[in-house]
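As structure tokens, the structure follows; a few thoughts come after it.
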Amino acid sequence: MKSTLSAVLATALAGFAFAPIPSTAAEAYIENADEIVKQADWNAMETVTVVFEEHGYTPDVIRFKAGTPYKLALHNRADKNHYFTAPEFFRSIATRKAMVDGQAEIKAPYFKAIEVLKEGGKIDLYFVPVERGSFEVYCTIDDHRENGMEGQIVVE
Ligand SMILES: [Cu+2]
């Protein structure tokens with residue numbers, strides 16, 4: 001009985017050892033984000049504005065330089081709510097905060113998507129791009145993406 005239990009345990013443990021490890025790397029965000037945010041020169045912050053229209057982002061290629069602090073101002077001028085969904089991009093940056101002027105400031109290690117409400121919704125994201133690369137951004141509502149609501153974020 002005891003040896004059977006041991007055998008079962010051994011099999012279970014071996015199963016653990018050889019089971020595929022969940023891809024935590026893909027889910028991870030910038031580890032030392034707090035440090036990067038603290039050390040950044042926020043007086044040298046650059047502002048990039050992205051306007052949401054029906055259906056698209058303007059500009060649809062959004063460029064940043066790694067290491068420079070940014071305010072990304074998202075402004076929805078369309079008559080529908082729209083998302084700015086960019087999970088890979090959000091994980092590649094050191095996020096300081098998201099801010100709705102005069103109303104709220106949200107601190108989180110990273111975001112996956114930001115919905116900006118129709119007819120004038122605005123939110124500002126403060127961050128430092130860390131990883132260089134090209135990332136996609138899109139709207140996940142209904143068929144918006146198929147109708148062109150997608151863009152590219154390039155970090156150089
Ligand atoms: Cu949309």
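Please note that chains go A, B, ... in the order of the structure tokens, that every chain numbers its residues from 1, and that ligands are numbered from 1 in the order shown.
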
As a short mmCIF file (atom, residue, chain, number, x, y, z; two decimals) with N, CA and C atoms, in the first residue's frame, please: every residue in range 102-134 of chain A that a backbone DSSP assignment puts in strand (DSSP E).
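Wrote it out as selection_18.cif, contents follow:
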data_model
loop_
_atom_site.label_atom_id
_atom_site.label_comp_id
_atom_site.auth_asym_id
_atom_site.auth_seq_id
_atom_site.Cartn_x
_atom_site.Cartn_y
_atom_site.Cartn_z
N ALA A 104 -9.73 61.28 -11.54
CA ALA A 104 -9.17 60.05 -10.99
C ALA A 104 -7.76 59.83 -11.48
N GLU A 105 -7.02 59.11 -10.67
CA GLU A 105 -5.68 58.70 -11.03
C GLU A 105 -5.58 57.23 -10.65
N ILE A 106 -5.20 56.40 -11.61
CA ILE A 106 -5.20 54.95 -11.37
C ILE A 106 -3.77 54.45 -11.45
N ALA A 113 -6.18 46.77 -21.50
CA ALA A 113 -7.03 47.50 -22.44
C ALA A 113 -7.60 48.71 -21.73
N ILE A 114 -7.81 49.76 -22.51
CA ILE A 114 -8.44 50.96 -21.95
C ILE A 114 -9.62 51.30 -22.85
N GLU A 115 -10.79 51.40 -22.26
CA GLU A 115 -11.96 51.81 -23.03
C GLU A 115 -12.16 53.30 -22.82
N VAL A 116 -12.32 54.01 -23.90
CA VAL A 116 -12.55 55.46 -23.80
C VAL A 116 -13.97 55.71 -24.28
N GLY A 121 -14.67 61.27 -24.48
CA GLY A 121 -13.95 60.63 -23.38
C GLY A 121 -12.45 60.80 -23.53
N LYS A 122 -11.78 61.05 -22.39
CA LYS A 122 -10.33 61.28 -22.43
C LYS A 122 -9.66 60.59 -21.26
N ILE A 123 -8.51 60.02 -21.53
CA ILE A 123 -7.69 59.47 -20.45
C ILE A 123 -6.22 59.61 -20.87
N ASP A 124 -5.38 59.87 -19.90
CA ASP A 124 -3.94 60.02 -20.17
C ASP A 124 -3.20 58.89 -19.48
N LEU A 125 -2.30 58.27 -20.21
CA LEU A 125 -1.47 57.20 -19.65
C LEU A 125 -0.03 57.70 -19.57
N TYR A 126 0.55 57.62 -18.37
CA TYR A 126 1.93 58.05 -18.14
C TYR A 126 2.81 56.83 -18.02
N PHE A 127 3.86 56.78 -18.82
CA PHE A 127 4.69 55.57 -18.84
C PHE A 127 6.04 55.85 -19.48
N VAL A 128 6.93 54.88 -19.33
CA VAL A 128 8.23 54.89 -20.01
C VAL A 128 8.31 53.61 -20.85
N PRO A 129 8.44 53.73 -22.18
CA PRO A 129 8.61 52.53 -22.99
C PRO A 129 9.96 51.88 -22.65
N GLY A 133 10.23 47.41 -30.16
CA GLY A 133 9.50 46.46 -30.97
C GLY A 133 8.26 47.06 -31.57
N SER A 134 7.49 46.20 -32.21
CA SER A 134 6.25 46.63 -32.86
C SER A 134 5.11 45.87 -32.20
#

Site check for ligand 1: residues at most 6 Å away, only C-alpha atoms and all ligand atoms, as an NGL selection string | :A and (82-83 or 139 or 141 or 144)

Can I get the selection written as a PDB file, in the first residue's frame, with N, CA and C atoms?
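As a result, out.pdb now contains:
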ATOM      1  N   HIS A  82     -14.956  53.092 -27.613  1.00  0.00           N
ATOM      2  CA  HIS A  82     -13.923  52.310 -28.285  1.00  0.00           C
ATOM      3  C   HIS A  82     -12.830  51.895 -27.311  1.00  0.00           C
ATOM      4  N   TYR A  83     -12.217  50.755 -27.641  1.00  0.00           N
ATOM      5  CA  TYR A  83     -11.120  50.231 -26.838  1.00  0.00           C
ATOM      6  C   TYR A  83      -9.768  50.561 -27.463  1.00  0.00           C
ATOM      7  N   CYS A 139      -9.430  47.582 -31.367  1.00  0.00           N
ATOM      8  CA  CYS A 139     -10.668  47.713 -30.598  1.00  0.00           C
ATOM      9  C   CYS A 139     -11.385  46.366 -30.633  1.00  0.00           C
ATOM     10  N   ILE A 141     -14.538  45.783 -29.615  1.00  0.00           N
ATOM     11  CA  ILE A 141     -16.000  45.875 -29.640  1.00  0.00           C
ATOM     12  C   ILE A 141     -16.523  45.434 -31.015  1.00  0.00           C
ATOM     13  N   HIS A 144     -15.535  46.273 -34.890  1.00  0.00           N
ATOM     14  CA  HIS A 144     -14.755  47.507 -35.099  1.00  0.00           C
ATOM     15  C   HIS A 144     -13.388  47.239 -35.718  1.00  0.00           C
TER      16      HIS A 144
END

Hey, what's within 10 Å of range 29-38 of chain A if we count only C-alpha atoms and toss same-chain stuff fewer than 3 positions away? As an MDAnalysis selection string, please? chainID A and resid 24:26 41:42 67 69 87:97 109:111 126:131

Include N, CA and C atoms and write out the residues we just selected as a PDB file, in the first residue's frame.
ATOM      1  N   THR A  24       4.495  31.962 -18.066  1.00  0.00           N
ATOM      2  CA  THR A  24       4.423  33.165 -17.231  1.00  0.00           C
ATOM      3  C   THR A  24       5.146  34.329 -17.909  1.00  0.00           C
ATOM      4  N   ALA A  25       6.134  34.023 -18.732  1.00  0.00           N
ATOM      5  CA  ALA A  25       6.888  35.089 -19.398  1.00  0.00           C
ATOM      6  C   ALA A  25       5.964  35.959 -20.240  1.00  0.00           C
ATOM      7  N   ALA A  26       5.040  35.301 -20.928  1.00  0.00           N
ATOM      8  CA  ALA A  26       4.125  36.043 -21.794  1.00  0.00           C
ATOM      9  C   ALA A  26       3.194  36.934 -20.978  1.00  0.00           C
ATOM     10  N   ASP A  41      13.096  61.297 -16.088  1.00  0.00           N
ATOM     11  CA  ASP A  41      13.032  62.751 -15.970  1.00  0.00           C
ATOM     12  C   ASP A  41      11.676  63.209 -16.522  1.00  0.00           C
ATOM     13  N   TRP A  42      10.718  63.349 -15.634  1.00  0.00           N
ATOM     14  CA  TRP A  42       9.350  63.660 -16.070  1.00  0.00           C
ATOM     15  C   TRP A  42       9.220  65.087 -16.596  1.00  0.00           C
ATOM     16  N   GLY A  67      12.877  54.549 -23.244  1.00  0.00           N
ATOM     17  CA  GLY A  67      13.587  55.326 -22.233  1.00  0.00           C
ATOM     18  C   GLY A  67      13.073  56.739 -22.034  1.00  0.00           C
ATOM     19  N   PRO A  69      10.134  59.379 -21.104  1.00  0.00           N
ATOM     20  CA  PRO A  69       8.826  59.370 -20.439  1.00  0.00           C
ATOM     21  C   PRO A  69       7.739  59.998 -21.328  1.00  0.00           C
ATOM     22  N   PRO A  87      -2.319  44.456 -25.134  1.00  0.00           N
ATOM     23  CA  PRO A  87      -1.719  43.780 -23.976  1.00  0.00           C
ATOM     24  C   PRO A  87      -0.210  43.626 -24.054  1.00  0.00           C
ATOM     25  N   GLU A  88       0.324  43.293 -25.243  1.00  0.00           N
ATOM     26  CA  GLU A  88       1.780  43.111 -25.351  1.00  0.00           C
ATOM     27  C   GLU A  88       2.498  44.450 -25.134  1.00  0.00           C
ATOM     28  N   PHE A  89       1.934  45.505 -25.700  1.00  0.00           N
ATOM     29  CA  PHE A  89       2.534  46.827 -25.517  1.00  0.00           C
ATOM     30  C   PHE A  89       2.499  47.229 -24.045  1.00  0.00           C
ATOM     31  N   PHE A  90       1.353  47.071 -23.413  1.00  0.00           N
ATOM     32  CA  PHE A  90       1.226  47.484 -22.008  1.00  0.00           C
ATOM     33  C   PHE A  90       2.188  46.721 -21.101  1.00  0.00           C
ATOM     34  N   ARG A  91       2.490  45.465 -21.465  1.00  0.00           N
ATOM     35  CA  ARG A  91       3.438  44.684 -20.657  1.00  0.00           C
ATOM     36  C   ARG A  91       4.879  45.088 -20.922  1.00  0.00           C
ATOM     37  N   SER A  92       5.119  45.815 -22.017  1.00  0.00           N
ATOM     38  CA  SER A  92       6.492  46.153 -22.400  1.00  0.00           C
ATOM     39  C   SER A  92       6.928  47.522 -21.881  1.00  0.00           C
ATOM     40  N   ILE A  93       6.035  48.196 -21.181  1.00  0.00           N
ATOM     41  CA  ILE A  93       6.333  49.555 -20.706  1.00  0.00           C
ATOM     42  C   ILE A  93       6.334  49.594 -19.177  1.00  0.00           C
ATOM     43  N   ALA A  94       6.989  50.629 -18.634  1.00  0.00           N
ATOM     44  CA  ALA A  94       6.921  50.864 -17.191  1.00  0.00           C
ATOM     45  C   ALA A  94       5.820  51.894 -16.973  1.00  0.00           C
ATOM     46  N   THR A  95       4.719  51.434 -16.386  1.00  0.00           N
ATOM     47  CA  THR A  95       3.544  52.292 -16.224  1.00  0.00           C
ATOM     48  C   THR A  95       3.634  53.100 -14.931  1.00  0.00           C
ATOM     49  N   ARG A  96       3.415  54.404 -15.045  1.00  0.00           N
ATOM     50  CA  ARG A  96       3.371  55.257 -13.854  1.00  0.00           C
ATOM     51  C   ARG A  96       1.935  55.368 -13.346  1.00  0.00           C
ATOM     52  N   LYS A  97       1.035  55.743 -14.246  1.00  0.00           N
ATOM     53  CA  LYS A  97      -0.369  55.896 -13.854  1.00  0.00           C
ATOM     54  C   LYS A  97      -1.227  56.167 -15.074  1.00  0.00           C
ATOM     55  N   PRO A 109       0.322  48.057 -12.085  1.00  0.00           N
ATOM     56  CA  PRO A 109       1.586  47.653 -12.718  1.00  0.00           C
ATOM     57  C   PRO A 109       1.490  47.653 -14.240  1.00  0.00           C
ATOM     58  N   TYR A 110       0.346  47.251 -14.752  1.00  0.00           N
ATOM     59  CA  TYR A 110       0.128  47.373 -16.196  1.00  0.00           C
ATOM     60  C   TYR A 110      -1.351  47.217 -16.513  1.00  0.00           C
ATOM     61  N   PHE A 111      -1.707  47.695 -17.671  1.00  0.00           N
ATOM     62  CA  PHE A 111      -3.078  47.574 -18.149  1.00  0.00           C
ATOM     63  C   PHE A 111      -3.098  46.607 -19.329  1.00  0.00           C
ATOM     64  N   TYR A 126       0.549  57.618 -18.371  1.00  0.00           N
ATOM     65  CA  TYR A 126       1.928  58.055 -18.142  1.00  0.00           C
ATOM     66  C   TYR A 126       2.806  56.825 -18.021  1.00  0.00           C
ATOM     67  N   PHE A 127       3.863  56.776 -18.823  1.00  0.00           N
ATOM     68  CA  PHE A 127       4.690  55.571 -18.839  1.00  0.00           C
ATOM     69  C   PHE A 127       6.038  55.848 -19.484  1.00  0.00           C
ATOM     70  N   VAL A 128       6.932  54.880 -19.328  1.00  0.00           N
ATOM     71  CA  VAL A 128       8.228  54.892 -20.009  1.00  0.00           C
ATOM     72  C   VAL A 128       8.306  53.615 -20.851  1.00  0.00           C
ATOM     73  N   PRO A 129       8.438  53.733 -22.179  1.00  0.00           N
ATOM     74  CA  PRO A 129       8.614  52.527 -22.992  1.00  0.00           C
ATOM     75  C   PRO A 129       9.957  51.877 -22.654  1.00  0.00           C
ATOM     76  N   VAL A 130       9.958  50.561 -22.492  1.00  0.00           N
ATOM     77  CA  VAL A 130      11.187  49.862 -22.106  1.00  0.00           C
ATOM     78  C   VAL A 130      11.671  48.950 -23.222  1.00  0.00           C
ATOM     79  N   GLU A 131      10.785  48.103 -23.715  1.00  0.00           N
ATOM     80  CA  GLU A 131      11.191  47.145 -24.752  1.00  0.00           C
ATOM     81  C   GLU A 131      10.910  47.696 -26.145  1.00  0.00           C
TER      82      GLU A 131
END

Exercise: Lys118 in chain A partners within 9 Å, only C-alpha atoms, chain neighbours under 3 positions left out, as an NGL selection string = :A and (76-82 or 121)

Practice task
Enumerate, as a PyMOL selection string, the complete set of residues in chain A that a backbone-based DSSP assignment places in alpha helix (DSSP H).
Solution key: chain A and resi 2-18+24-27+33-39+87-91

- Task: For range 55-59 of chain A, work out the shell of residues within 8 Å, counting only C-alpha atoms and skipping chain neighbours fewer than 6 positions away, then give it as a list of chain:residue names.
- Result: A:His144, A:Arg145, A:Asn147, A:Gly148, A:Met149, A:Glu150, A:Gly151

Given the selection you just returned, output its residues as a file containing C-alpha atoms, formatted as a compact mmCIF listing (two decimals), in the first residue's frame.
# COMPACT_ATOMS: atom_id res chain seq x y z
CA HIS A 144 -14.75 47.51 -35.10
CA ARG A 145 -11.39 45.89 -35.74
CA ASN A 147 -13.80 47.83 -39.96
CA GLY A 148 -10.32 49.23 -39.52
CA MET A 149 -10.04 50.04 -35.84
CA GLU A 150 -6.49 48.82 -35.46
CA GLY A 151 -3.04 50.29 -35.49

Nearest to Gln152 in chain A, restricted to only C-alpha atoms and choosing among A:Leu72, A:Asp60, A:Ala108, A:Lys65, comes out as A:Asp60

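In this structure, CA of Ala28 in chain A sits 11.8 Å away from CA of Lys112 in chain A.
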